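Trainee: Next up, work_2.cif (mmCIF, N, CA and C atoms and all ligand atoms).
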```cif
data_coords
loop_
_atom_site.label_atom_id
_atom_site.label_comp_id
_atom_site.auth_asym_id
_atom_site.auth_seq_id
_atom_site.Cartn_x
_atom_site.Cartn_y
_atom_site.Cartn_z
N MET A 26 4.29 -143.93 64.90
CA MET A 26 4.57 -144.51 63.59
C MET A 26 4.27 -146.01 63.59
N THR A 27 3.91 -146.52 62.44
CA THR A 27 3.61 -147.96 62.35
C THR A 27 4.92 -148.75 62.28
N ILE A 28 4.81 -150.04 62.49
CA ILE A 28 5.98 -150.93 62.38
C ILE A 28 6.59 -150.80 60.98
N PHE A 29 5.75 -150.65 59.97
CA PHE A 29 6.28 -150.55 58.59
C PHE A 29 7.12 -149.29 58.42
N GLU A 30 6.62 -148.18 58.96
CA GLU A 30 7.36 -146.91 58.85
C GLU A 30 8.68 -146.97 59.61
N GLU A 31 8.63 -147.56 60.81
CA GLU A 31 9.86 -147.67 61.62
C GLU A 31 10.91 -148.53 60.92
N LEU A 32 10.48 -149.65 60.36
CA LEU A 32 11.43 -150.55 59.69
C LEU A 32 12.03 -149.86 58.46
N ARG A 33 11.19 -149.12 57.75
CA ARG A 33 11.66 -148.42 56.56
C ARG A 33 12.70 -147.35 56.91
N VAL A 34 12.49 -146.66 58.02
CA VAL A 34 13.47 -145.65 58.47
C VAL A 34 14.85 -146.30 58.64
N ASP A 35 14.86 -147.50 59.25
CA ASP A 35 16.14 -148.16 59.49
C ASP A 35 16.72 -148.77 58.21
N HIS A 36 15.86 -149.19 57.29
CA HIS A 36 16.37 -149.63 55.98
C HIS A 36 17.08 -148.46 55.31
N ASP A 37 16.47 -147.28 55.38
CA ASP A 37 17.08 -146.10 54.75
C ASP A 37 18.45 -145.78 55.36
N LYS A 38 18.55 -145.93 56.70
CA LYS A 38 19.85 -145.69 57.35
C LYS A 38 20.90 -146.65 56.80
N GLN A 39 20.50 -147.90 56.64
CA GLN A 39 21.46 -148.90 56.13
C GLN A 39 21.77 -148.68 54.67
N ARG A 40 20.78 -148.24 53.88
CA ARG A 40 21.05 -147.95 52.47
C ARG A 40 22.05 -146.79 52.36
N ALA A 41 21.91 -145.80 53.24
CA ALA A 41 22.83 -144.65 53.23
C ALA A 41 24.24 -145.11 53.60
N LEU A 42 24.36 -145.98 54.59
CA LEU A 42 25.67 -146.48 55.00
C LEU A 42 26.33 -147.28 53.87
N ILE A 43 25.53 -148.07 53.16
CA ILE A 43 26.07 -148.84 52.02
C ILE A 43 26.63 -147.88 50.97
N GLU A 44 25.86 -146.84 50.66
CA GLU A 44 26.32 -145.86 49.67
C GLU A 44 27.61 -145.20 50.09
N GLN A 45 27.69 -144.83 51.39
CA GLN A 45 28.91 -144.20 51.90
C GLN A 45 30.08 -145.17 51.84
N LEU A 46 29.81 -146.44 52.17
CA LEU A 46 30.88 -147.44 52.13
C LEU A 46 31.42 -147.63 50.71
N GLU A 47 30.57 -147.47 49.73
CA GLU A 47 31.01 -147.63 48.35
C GLU A 47 31.96 -146.53 47.90
N GLN A 48 31.95 -145.41 48.62
CA GLN A 48 32.86 -144.31 48.28
C GLN A 48 34.24 -144.50 48.93
N THR A 49 34.37 -145.49 49.80
CA THR A 49 35.63 -145.67 50.52
C THR A 49 36.56 -146.60 49.74
N HIS A 50 37.85 -146.54 50.11
CA HIS A 50 38.85 -147.36 49.42
C HIS A 50 39.79 -148.00 50.43
N GLY A 51 40.17 -149.26 50.15
CA GLY A 51 41.21 -149.91 50.96
C GLY A 51 40.89 -149.97 52.44
N ASP A 52 41.95 -150.05 53.23
CA ASP A 52 41.78 -150.21 54.68
C ASP A 52 41.84 -148.83 55.33
N GLU A 53 40.93 -147.96 54.95
CA GLU A 53 40.96 -146.62 55.52
C GLU A 53 39.99 -146.53 56.70
N GLU A 54 40.21 -145.52 57.54
CA GLU A 54 39.44 -145.38 58.77
C GLU A 54 37.95 -145.25 58.48
N GLU A 55 37.64 -144.47 57.44
CA GLU A 55 36.24 -144.24 57.07
C GLU A 55 35.55 -145.57 56.76
N ARG A 56 36.24 -146.42 56.02
CA ARG A 56 35.66 -147.72 55.67
C ARG A 56 35.44 -148.55 56.93
N ARG A 57 36.44 -148.56 57.83
CA ARG A 57 36.31 -149.33 59.07
C ARG A 57 35.14 -148.82 59.91
N ASP A 58 35.04 -147.49 60.05
CA ASP A 58 33.97 -146.88 60.85
C ASP A 58 32.59 -147.20 60.29
N ARG A 59 32.43 -146.95 59.00
CA ARG A 59 31.12 -147.17 58.37
C ARG A 59 30.72 -148.63 58.40
N PHE A 60 31.70 -149.50 58.19
CA PHE A 60 31.40 -150.93 58.21
C PHE A 60 30.97 -151.35 59.61
N ALA A 61 31.65 -150.82 60.63
CA ALA A 61 31.29 -151.14 62.02
C ALA A 61 29.86 -150.66 62.30
N GLN A 62 29.53 -149.47 61.80
CA GLN A 62 28.17 -148.93 61.99
C GLN A 62 27.13 -149.80 61.29
N LEU A 63 27.44 -150.19 60.06
CA LEU A 63 26.50 -151.01 59.29
C LEU A 63 26.25 -152.34 59.99
N LYS A 64 27.33 -152.91 60.50
CA LYS A 64 27.23 -154.20 61.20
C LYS A 64 26.29 -154.11 62.41
N VAL A 65 26.48 -153.07 63.21
CA VAL A 65 25.66 -152.89 64.42
C VAL A 65 24.20 -152.64 64.02
N GLN A 66 23.99 -151.77 63.05
CA GLN A 66 22.63 -151.46 62.60
C GLN A 66 21.91 -152.71 62.10
N LEU A 67 22.60 -153.43 61.22
CA LEU A 67 21.99 -154.60 60.59
C LEU A 67 21.70 -155.69 61.62
N LYS A 68 22.64 -155.91 62.52
CA LYS A 68 22.49 -156.96 63.52
C LYS A 68 21.26 -156.69 64.41
N HIS A 69 21.17 -155.48 64.95
CA HIS A 69 20.05 -155.17 65.83
C HIS A 69 18.74 -155.07 65.05
N HIS A 70 18.81 -154.49 63.85
CA HIS A 70 17.60 -154.39 63.03
C HIS A 70 17.03 -155.79 62.78
N ALA A 71 17.89 -156.72 62.37
CA ALA A 71 17.42 -158.06 62.04
C ALA A 71 16.80 -158.73 63.28
N THR A 72 17.46 -158.62 64.41
CA THR A 72 16.94 -159.25 65.63
C THR A 72 15.59 -158.67 66.05
N GLU A 73 15.51 -157.35 66.11
CA GLU A 73 14.26 -156.73 66.57
C GLU A 73 13.15 -156.86 65.54
N GLU A 74 13.53 -156.89 64.27
CA GLU A 74 12.53 -157.10 63.22
C GLU A 74 11.95 -158.52 63.34
N GLU A 75 12.80 -159.48 63.70
CA GLU A 75 12.29 -160.84 63.90
C GLU A 75 11.30 -160.85 65.07
N ARG A 76 11.67 -160.15 66.16
CA ARG A 76 10.79 -160.13 67.35
C ARG A 76 9.47 -159.42 67.11
N TYR A 77 9.52 -158.27 66.43
CA TYR A 77 8.33 -157.41 66.38
C TYR A 77 7.64 -157.39 65.01
N PHE A 78 8.16 -158.16 64.07
CA PHE A 78 7.51 -158.24 62.76
C PHE A 78 7.28 -159.71 62.38
N TYR A 79 8.37 -160.49 62.30
CA TYR A 79 8.23 -161.86 61.80
C TYR A 79 7.55 -162.80 62.80
N VAL A 80 7.93 -162.71 64.08
CA VAL A 80 7.32 -163.65 65.04
C VAL A 80 5.79 -163.49 65.10
N PRO A 81 5.26 -162.28 65.21
CA PRO A 81 3.78 -162.17 65.20
C PRO A 81 3.17 -162.70 63.89
N LEU A 82 3.93 -162.64 62.79
CA LEU A 82 3.40 -163.12 61.50
C LEU A 82 3.42 -164.63 61.39
N ILE A 83 4.37 -165.25 62.09
CA ILE A 83 4.47 -166.71 62.07
C ILE A 83 3.21 -167.35 62.69
N GLU A 84 2.55 -166.60 63.54
CA GLU A 84 1.32 -167.12 64.16
C GLU A 84 0.18 -167.30 63.16
N HIS A 85 0.33 -166.72 61.98
CA HIS A 85 -0.74 -166.83 60.98
C HIS A 85 -0.28 -167.69 59.80
N ASP A 86 -1.12 -168.66 59.43
CA ASP A 86 -0.77 -169.57 58.33
C ASP A 86 -0.38 -168.83 57.06
N ALA A 87 -1.10 -167.75 56.76
CA ALA A 87 -0.89 -167.04 55.50
C ALA A 87 0.50 -166.42 55.39
N THR A 88 1.15 -166.19 56.52
CA THR A 88 2.44 -165.49 56.45
C THR A 88 3.61 -166.30 57.05
N VAL A 89 3.39 -167.60 57.24
CA VAL A 89 4.47 -168.45 57.77
C VAL A 89 5.63 -168.54 56.79
N GLU A 90 5.35 -168.88 55.53
CA GLU A 90 6.39 -169.07 54.52
C GLU A 90 7.20 -167.80 54.32
N MET A 91 6.49 -166.71 54.21
CA MET A 91 7.12 -165.41 54.01
C MET A 91 8.08 -165.09 55.17
N SER A 92 7.65 -165.39 56.38
CA SER A 92 8.48 -165.10 57.55
C SER A 92 9.72 -165.98 57.58
N ARG A 93 9.54 -167.24 57.23
CA ARG A 93 10.69 -168.15 57.16
C ARG A 93 11.71 -167.64 56.16
N HIS A 94 11.19 -167.21 55.03
CA HIS A 94 12.06 -166.69 53.96
C HIS A 94 12.86 -165.48 54.46
N GLY A 95 12.16 -164.56 55.11
CA GLY A 95 12.82 -163.35 55.62
C GLY A 95 13.88 -163.67 56.65
N ILE A 96 13.56 -164.57 57.56
CA ILE A 96 14.51 -164.92 58.63
C ILE A 96 15.71 -165.68 58.05
N ALA A 97 15.46 -166.53 57.05
CA ALA A 97 16.57 -167.24 56.40
C ALA A 97 17.51 -166.24 55.73
N GLU A 98 16.94 -165.19 55.15
CA GLU A 98 17.80 -164.17 54.53
C GLU A 98 18.62 -163.42 55.58
N HIS A 99 18.06 -163.20 56.75
CA HIS A 99 18.84 -162.57 57.83
C HIS A 99 20.07 -163.42 58.14
N HIS A 100 19.86 -164.73 58.15
CA HIS A 100 20.96 -165.64 58.43
C HIS A 100 22.04 -165.53 57.35
N GLN A 101 21.61 -165.46 56.09
CA GLN A 101 22.58 -165.33 55.00
C GLN A 101 23.35 -164.01 55.11
N LEU A 102 22.66 -162.96 55.51
CA LEU A 102 23.32 -161.66 55.68
C LEU A 102 24.36 -161.73 56.80
N ASP A 103 24.00 -162.40 57.88
CA ASP A 103 24.93 -162.61 59.00
C ASP A 103 26.21 -163.28 58.54
N GLU A 104 26.04 -164.32 57.72
CA GLU A 104 27.20 -165.07 57.25
C GLU A 104 28.09 -164.22 56.35
N LEU A 105 27.47 -163.41 55.50
CA LEU A 105 28.26 -162.52 54.65
C LEU A 105 29.03 -161.50 55.49
N LEU A 106 28.36 -160.98 56.52
CA LEU A 106 29.03 -160.02 57.42
C LEU A 106 30.24 -160.67 58.09
N GLU A 107 30.05 -161.89 58.57
CA GLU A 107 31.15 -162.60 59.23
C GLU A 107 32.31 -162.82 58.29
N GLU A 108 31.99 -163.22 57.05
CA GLU A 108 33.04 -163.44 56.05
C GLU A 108 33.84 -162.16 55.83
N LEU A 109 33.11 -161.06 55.67
CA LEU A 109 33.76 -159.77 55.42
C LEU A 109 34.65 -159.36 56.59
N GLU A 110 34.21 -159.67 57.80
CA GLU A 110 34.98 -159.33 58.99
C GLU A 110 36.32 -160.01 59.03
N GLU A 111 36.36 -161.21 58.47
CA GLU A 111 37.60 -161.99 58.51
C GLU A 111 38.53 -161.66 57.35
N MET A 112 38.07 -160.84 56.41
CA MET A 112 38.88 -160.54 55.23
C MET A 112 39.67 -159.25 55.41
N ASP A 113 40.74 -159.13 54.63
CA ASP A 113 41.53 -157.91 54.60
C ASP A 113 40.74 -156.85 53.82
N MET A 114 40.43 -155.75 54.50
CA MET A 114 39.62 -154.70 53.89
C MET A 114 40.24 -154.08 52.64
N ALA A 115 41.56 -154.19 52.53
CA ALA A 115 42.25 -153.57 51.40
C ALA A 115 42.29 -154.50 50.19
N SER A 116 41.87 -155.76 50.36
CA SER A 116 41.96 -156.71 49.25
C SER A 116 40.82 -156.52 48.26
N PRO A 117 41.07 -156.85 46.98
CA PRO A 117 39.99 -156.74 45.99
C PRO A 117 38.83 -157.68 46.33
N GLY A 118 39.15 -158.78 47.00
CA GLY A 118 38.13 -159.74 47.42
C GLY A 118 37.12 -159.11 48.37
N TRP A 119 37.59 -158.19 49.20
CA TRP A 119 36.69 -157.54 50.16
C TRP A 119 35.61 -156.75 49.41
N ALA A 120 36.07 -155.97 48.44
CA ALA A 120 35.14 -155.13 47.67
C ALA A 120 34.11 -156.00 46.93
N LEU A 121 34.58 -157.14 46.43
CA LEU A 121 33.69 -158.06 45.71
C LEU A 121 32.64 -158.66 46.64
N ARG A 122 33.11 -159.06 47.80
CA ARG A 122 32.20 -159.65 48.79
C ARG A 122 31.24 -158.60 49.33
N PHE A 123 31.74 -157.38 49.46
CA PHE A 123 30.87 -156.30 49.93
C PHE A 123 29.75 -156.06 48.93
N LYS A 124 30.09 -156.18 47.64
CA LYS A 124 29.09 -156.02 46.60
C LYS A 124 28.00 -157.10 46.75
N ALA A 125 28.41 -158.30 47.11
CA ALA A 125 27.44 -159.39 47.33
C ALA A 125 26.53 -159.06 48.51
N LEU A 126 27.13 -158.51 49.58
CA LEU A 126 26.33 -158.12 50.75
C LEU A 126 25.34 -157.02 50.37
N LYS A 127 25.85 -156.04 49.65
CA LYS A 127 24.99 -154.92 49.22
C LYS A 127 23.80 -155.44 48.40
N ASP A 128 24.08 -156.28 47.41
CA ASP A 128 23.00 -156.78 46.55
C ASP A 128 21.97 -157.56 47.36
N LYS A 129 22.46 -158.36 48.30
CA LYS A 129 21.56 -159.17 49.12
C LYS A 129 20.72 -158.29 50.05
N MET A 130 21.36 -157.28 50.63
CA MET A 130 20.62 -156.39 51.53
C MET A 130 19.55 -155.62 50.77
N LEU A 131 19.93 -155.06 49.61
CA LEU A 131 18.96 -154.26 48.85
C LEU A 131 17.79 -155.11 48.38
N HIS A 132 18.11 -156.33 47.96
CA HIS A 132 17.06 -157.26 47.53
C HIS A 132 16.12 -157.59 48.71
N HIS A 133 16.73 -157.81 49.87
CA HIS A 133 15.95 -158.16 51.06
C HIS A 133 15.03 -157.01 51.48
N PHE A 134 15.56 -155.79 51.49
CA PHE A 134 14.74 -154.62 51.85
C PHE A 134 13.58 -154.46 50.87
N GLU A 135 13.89 -154.70 49.60
CA GLU A 135 12.89 -154.60 48.53
C GLU A 135 11.76 -155.61 48.76
N ASP A 136 12.13 -156.85 49.06
CA ASP A 136 11.15 -157.89 49.36
C ASP A 136 10.25 -157.45 50.51
N GLU A 137 10.87 -156.94 51.56
CA GLU A 137 10.10 -156.55 52.75
C GLU A 137 9.18 -155.38 52.42
N GLU A 138 9.74 -154.34 51.80
CA GLU A 138 8.95 -153.12 51.58
C GLU A 138 7.89 -153.29 50.50
N GLN A 139 8.23 -154.03 49.44
CA GLN A 139 7.31 -154.13 48.31
C GLN A 139 6.32 -155.28 48.42
N SER A 140 6.63 -156.25 49.27
CA SER A 140 5.75 -157.42 49.32
C SER A 140 5.32 -157.78 50.75
N PHE A 141 6.29 -158.00 51.63
CA PHE A 141 5.96 -158.49 52.97
C PHE A 141 5.10 -157.50 53.75
N PHE A 142 5.43 -156.21 53.64
CA PHE A 142 4.66 -155.21 54.38
C PHE A 142 3.18 -155.22 53.94
N GLN A 143 2.96 -155.44 52.64
CA GLN A 143 1.58 -155.47 52.13
C GLN A 143 0.82 -156.67 52.70
N HIS A 144 1.49 -157.83 52.73
CA HIS A 144 0.85 -159.02 53.31
C HIS A 144 0.57 -158.81 54.79
N ALA A 145 1.56 -158.28 55.50
CA ALA A 145 1.43 -158.06 56.95
C ALA A 145 0.34 -157.03 57.24
N GLY A 146 0.19 -156.07 56.32
CA GLY A 146 -0.82 -155.03 56.48
C GLY A 146 -2.22 -155.59 56.57
N LYS A 147 -2.42 -156.75 55.97
CA LYS A 147 -3.74 -157.38 55.99
C LYS A 147 -3.94 -158.23 57.25
N ILE A 148 -2.84 -158.55 57.92
CA ILE A 148 -2.90 -159.41 59.11
C ILE A 148 -2.99 -158.59 60.41
N PHE A 149 -2.13 -157.58 60.50
CA PHE A 149 -2.10 -156.79 61.73
C PHE A 149 -3.27 -155.82 61.80
N SER A 150 -3.82 -155.66 63.01
CA SER A 150 -4.84 -154.62 63.20
C SER A 150 -4.14 -153.26 63.25
N GLU A 151 -4.92 -152.19 63.12
CA GLU A 151 -4.33 -150.85 63.14
C GLU A 151 -3.56 -150.60 64.44
N SER A 152 -4.16 -151.03 65.57
CA SER A 152 -3.49 -150.75 66.85
C SER A 152 -2.22 -151.60 66.98
N MET A 153 -2.24 -152.78 66.41
CA MET A 153 -1.04 -153.62 66.45
C MET A 153 0.09 -153.01 65.62
N LYS A 154 -0.27 -152.42 64.47
CA LYS A 154 0.76 -151.79 63.62
C LYS A 154 1.51 -150.72 64.41
N THR A 155 0.74 -149.96 65.20
CA THR A 155 1.36 -148.88 65.98
C THR A 155 2.10 -149.42 67.21
N SER A 156 1.51 -150.40 67.89
CA SER A 156 2.18 -150.88 69.10
C SER A 156 3.45 -151.65 68.76
N LEU A 157 3.44 -152.41 67.67
CA LEU A 157 4.67 -153.10 67.25
C LEU A 157 5.74 -152.08 66.85
N GLY A 158 5.30 -151.00 66.21
CA GLY A 158 6.24 -149.93 65.84
C GLY A 158 6.90 -149.35 67.06
N LYS A 159 6.09 -149.08 68.09
CA LYS A 159 6.62 -148.51 69.35
C LYS A 159 7.60 -149.47 70.01
N GLU A 160 7.20 -150.74 70.08
CA GLU A 160 8.06 -151.74 70.74
C GLU A 160 9.37 -151.92 69.98
N TYR A 161 9.28 -151.93 68.66
CA TYR A 161 10.50 -152.06 67.85
C TYR A 161 11.44 -150.89 68.13
N ARG A 162 10.90 -149.68 68.09
CA ARG A 162 11.74 -148.49 68.28
C ARG A 162 12.33 -148.46 69.68
N GLN A 163 11.53 -148.85 70.66
CA GLN A 163 12.03 -148.89 72.04
C GLN A 163 13.19 -149.89 72.17
N ALA A 164 13.01 -151.06 71.55
CA ALA A 164 14.06 -152.09 71.62
C ALA A 164 15.33 -151.58 70.94
N MET A 165 15.18 -150.88 69.81
CA MET A 165 16.36 -150.34 69.12
C MET A 165 17.05 -149.32 70.00
N SER A 166 16.30 -148.46 70.68
CA SER A 166 17.00 -147.47 71.51
C SER A 166 17.59 -148.13 72.76
N ASP A 167 16.98 -149.19 73.25
CA ASP A 167 17.61 -149.94 74.35
C ASP A 167 18.95 -150.55 73.90
N ASN A 168 19.04 -150.83 72.60
CA ASN A 168 20.30 -151.36 72.05
C ASN A 168 21.32 -150.24 71.79
N GLY A 169 20.90 -149.01 72.08
CA GLY A 169 21.81 -147.87 71.88
C GLY A 169 21.79 -147.32 70.46
N ILE A 170 20.72 -147.61 69.73
CA ILE A 170 20.63 -147.13 68.34
C ILE A 170 19.52 -146.09 68.21
FE FE B 1 14.82 -158.09 57.35
FE FE B 2 14.22 -155.13 57.46
#
```
Once more with this new file: its structure as structure tokens, please.
Mentor:
Amino acid sequence: MTIFEELRVDHDKQRALIEQLEQTHGDEEERRDRFAQLKVQLKHHATEEERYFYVPLIEHDATVEMSRHGIAEHHQLDELLEELEEMDMASPGWALRFKALKDKMLHHFEDEEQSFFQHAGKIFSESMKTSLGKEYRQAMSDNGI
């Protein structure tokens, strides 16, 4: 599979976790479990995506800005996750903040899938698309995902 297909598979996993989290209420076990899963998925996805997608793109002038933008959004997502971790899951504030995380994540995935992948598609050679995909997936499984 190409790097684009691999990244999309993991976006779908995170979109599914977000949907499941939205069905939960208060400080229940399901919410804690799903949130812990989402955190691990997002953290490793962002790191390996930076290594196997954004870093190779930074080497090209045409995709420097786009890569900076993507990595800056990873940082914002990290901060939202940290904020949520420190909040009481049963509070109305948690649900509100979670909505902010959801909106930011969905927007970020949309940017990547609808725009960044197309730009990257013109930069990476066919063999690079596949080898980056393999390396990304290998790194994710080394992380236990
Ligand atoms: Fe990303
Ligand atoms: Fe991504």
Trainee: What is the distance between atom CA of Asp113 of chain A and atom N of Ala125 of chain A, in Å to one decimal?
Mentor: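 Atom-to-atom, atom CA of Asp113 of chain A to atom N of Ala125 of chain A, that is 15.1 Å.
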Trainee: Might I get the box with edges along x, y and z of the file that holds all atoms of segment 136-141 of chain A listed there, padded by 3 Å on every side, given as centre and edge lengths in Å to one decimal, as lines of an AutoDock Vina configuration file?
Mentor:
```
center_x = 8.6
center_y = -155.8
center_z = 51.0
size_x = 13.0
size_y = 11.4
size_z = 11.4
```
Trainee: Residues of segment 51-119 of chain A classed as alpha helix (DSSP H) by DSSP on the backbone are to be reported as a PyMOL selection string.
Mentor: chain A and resi 54-74+80-83+89-111+117-119
Trainee: Figure out the distance between atom N of Ser166 of chain A and atom N of Tyr79 of chain A, please, to one decimal in Å.
Mentor: 16.7 Å
Trainee: Can you tell me which residues come within 7 Å of ligand FE 1 (chain B) when counting only N, CA and C atoms and all ligand atoms, ideally as a PyMOL selection string?
Mentor: chain A and resi 70-71+74-75+95-96+98-99+133-134+137
Trainee: Can you tell me how far atom CA of Phe123 of chain A sits from atom CA of Phe60 of chain A, in Å to one decimal?
Mentor: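 We find that atom CA of Phe123 of chain A and atom CA of Phe60 of chain A lie 9.9 Å from each other.
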Trainee: Quick one: segment 99-150 of chain A with C-alpha atoms, as a PDB file, in the first residue's frame?
Mentor:
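Wrote result_5.pdb, looks like this:
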```pdb
ATOM      1  CA  HIS A  99      -0.116  18.214  15.199  1.00  0.00           C
ATOM      2  CA  HIS A 100       1.211  20.453  17.941  1.00  0.00           C
ATOM      3  CA  GLN A 101      -2.210  22.058  18.442  1.00  0.00           C
ATOM      4  CA  LEU A 102      -3.807  18.610  18.639  1.00  0.00           C
ATOM      5  CA  ASP A 103      -1.237  17.590  21.269  1.00  0.00           C
ATOM      6  CA  GLU A 104      -2.133  20.595  23.376  1.00  0.00           C
ATOM      7  CA  LEU A 105      -5.851  19.874  23.152  1.00  0.00           C
ATOM      8  CA  LEU A 106      -5.206  16.265  24.188  1.00  0.00           C
ATOM      9  CA  GLU A 107      -3.166  17.430  27.181  1.00  0.00           C
ATOM     10  CA  GLU A 108      -5.892  19.865  28.218  1.00  0.00           C
ATOM     11  CA  LEU A 109      -8.511  17.127  28.038  1.00  0.00           C
ATOM     12  CA  GLU A 110      -6.335  14.803  30.105  1.00  0.00           C
ATOM     13  CA  GLU A 111      -6.243  17.286  32.926  1.00  0.00           C
ATOM     14  CA  MET A 112     -10.009  17.860  32.943  1.00  0.00           C
ATOM     15  CA  ASP A 113     -12.755  15.988  34.763  1.00  0.00           C
ATOM     16  CA  MET A 114     -14.310  13.694  32.157  1.00  0.00           C
ATOM     17  CA  ALA A 115     -17.741  14.099  33.715  1.00  0.00           C
ATOM     18  CA  SER A 116     -17.726  17.904  33.436  1.00  0.00           C
ATOM     19  CA  PRO A 117     -19.620  19.718  30.659  1.00  0.00           C
ATOM     20  CA  GLY A 118     -16.319  21.451  29.884  1.00  0.00           C
ATOM     21  CA  TRP A 119     -14.798  18.122  28.883  1.00  0.00           C
ATOM     22  CA  ALA A 120     -17.472  17.470  26.270  1.00  0.00           C
ATOM     23  CA  LEU A 121     -17.027  20.999  24.907  1.00  0.00           C
ATOM     24  CA  ARG A 122     -13.280  20.652  24.676  1.00  0.00           C
ATOM     25  CA  PHE A 123     -13.648  17.231  23.115  1.00  0.00           C
ATOM     26  CA  LYS A 124     -15.815  18.821  20.441  1.00  0.00           C
ATOM     27  CA  ALA A 125     -12.949  21.254  19.733  1.00  0.00           C
ATOM     28  CA  LEU A 126     -10.523  18.327  19.416  1.00  0.00           C
ATOM     29  CA  LYS A 127     -12.924  16.487  17.122  1.00  0.00           C
ATOM     30  CA  ASP A 128     -13.396  19.512  14.847  1.00  0.00           C
ATOM     31  CA  LYS A 129      -9.657  20.119  14.659  1.00  0.00           C
ATOM     32  CA  MET A 130      -8.869  16.470  13.938  1.00  0.00           C
ATOM     33  CA  LEU A 131     -11.510  16.154  11.219  1.00  0.00           C
ATOM     34  CA  HIS A 132     -10.363  19.399   9.619  1.00  0.00           C
ATOM     35  CA  HIS A 133      -6.741  18.232   9.746  1.00  0.00           C
ATOM     36  CA  PHE A 134      -7.523  14.833   8.160  1.00  0.00           C
ATOM     37  CA  GLU A 135      -9.526  16.636   5.486  1.00  0.00           C
ATOM     38  CA  ASP A 136      -6.589  18.951   4.699  1.00  0.00           C
ATOM     39  CA  GLU A 137      -4.257  15.981   4.417  1.00  0.00           C
ATOM     40  CA  GLU A 138      -6.543  13.748   2.356  1.00  0.00           C
ATOM     41  CA  GLN A 139      -8.055  16.387   0.081  1.00  0.00           C
ATOM     42  CA  SER A 140      -5.039  18.595  -0.484  1.00  0.00           C
ATOM     43  CA  PHE A 141      -1.684  17.499   0.946  1.00  0.00           C
ATOM     44  CA  PHE A 142      -1.807  13.982  -0.501  1.00  0.00           C
ATOM     45  CA  GLN A 143      -2.407  15.448  -3.979  1.00  0.00           C
ATOM     46  CA  HIS A 144       0.587  17.777  -3.671  1.00  0.00           C
ATOM     47  CA  ALA A 145       2.770  14.985  -2.276  1.00  0.00           C
ATOM     48  CA  GLY A 146       1.610  12.705  -5.090  1.00  0.00           C
ATOM     49  CA  LYS A 147       3.423  14.957  -7.539  1.00  0.00           C
ATOM     50  CA  ILE A 148       6.637  14.956  -5.481  1.00  0.00           C
ATOM     51  CA  PHE A 149       7.091  11.320  -4.485  1.00  0.00           C
ATOM     52  CA  SER A 150       8.067   8.708  -7.062  1.00  0.00           C
TER      53      SER A 150
END
```
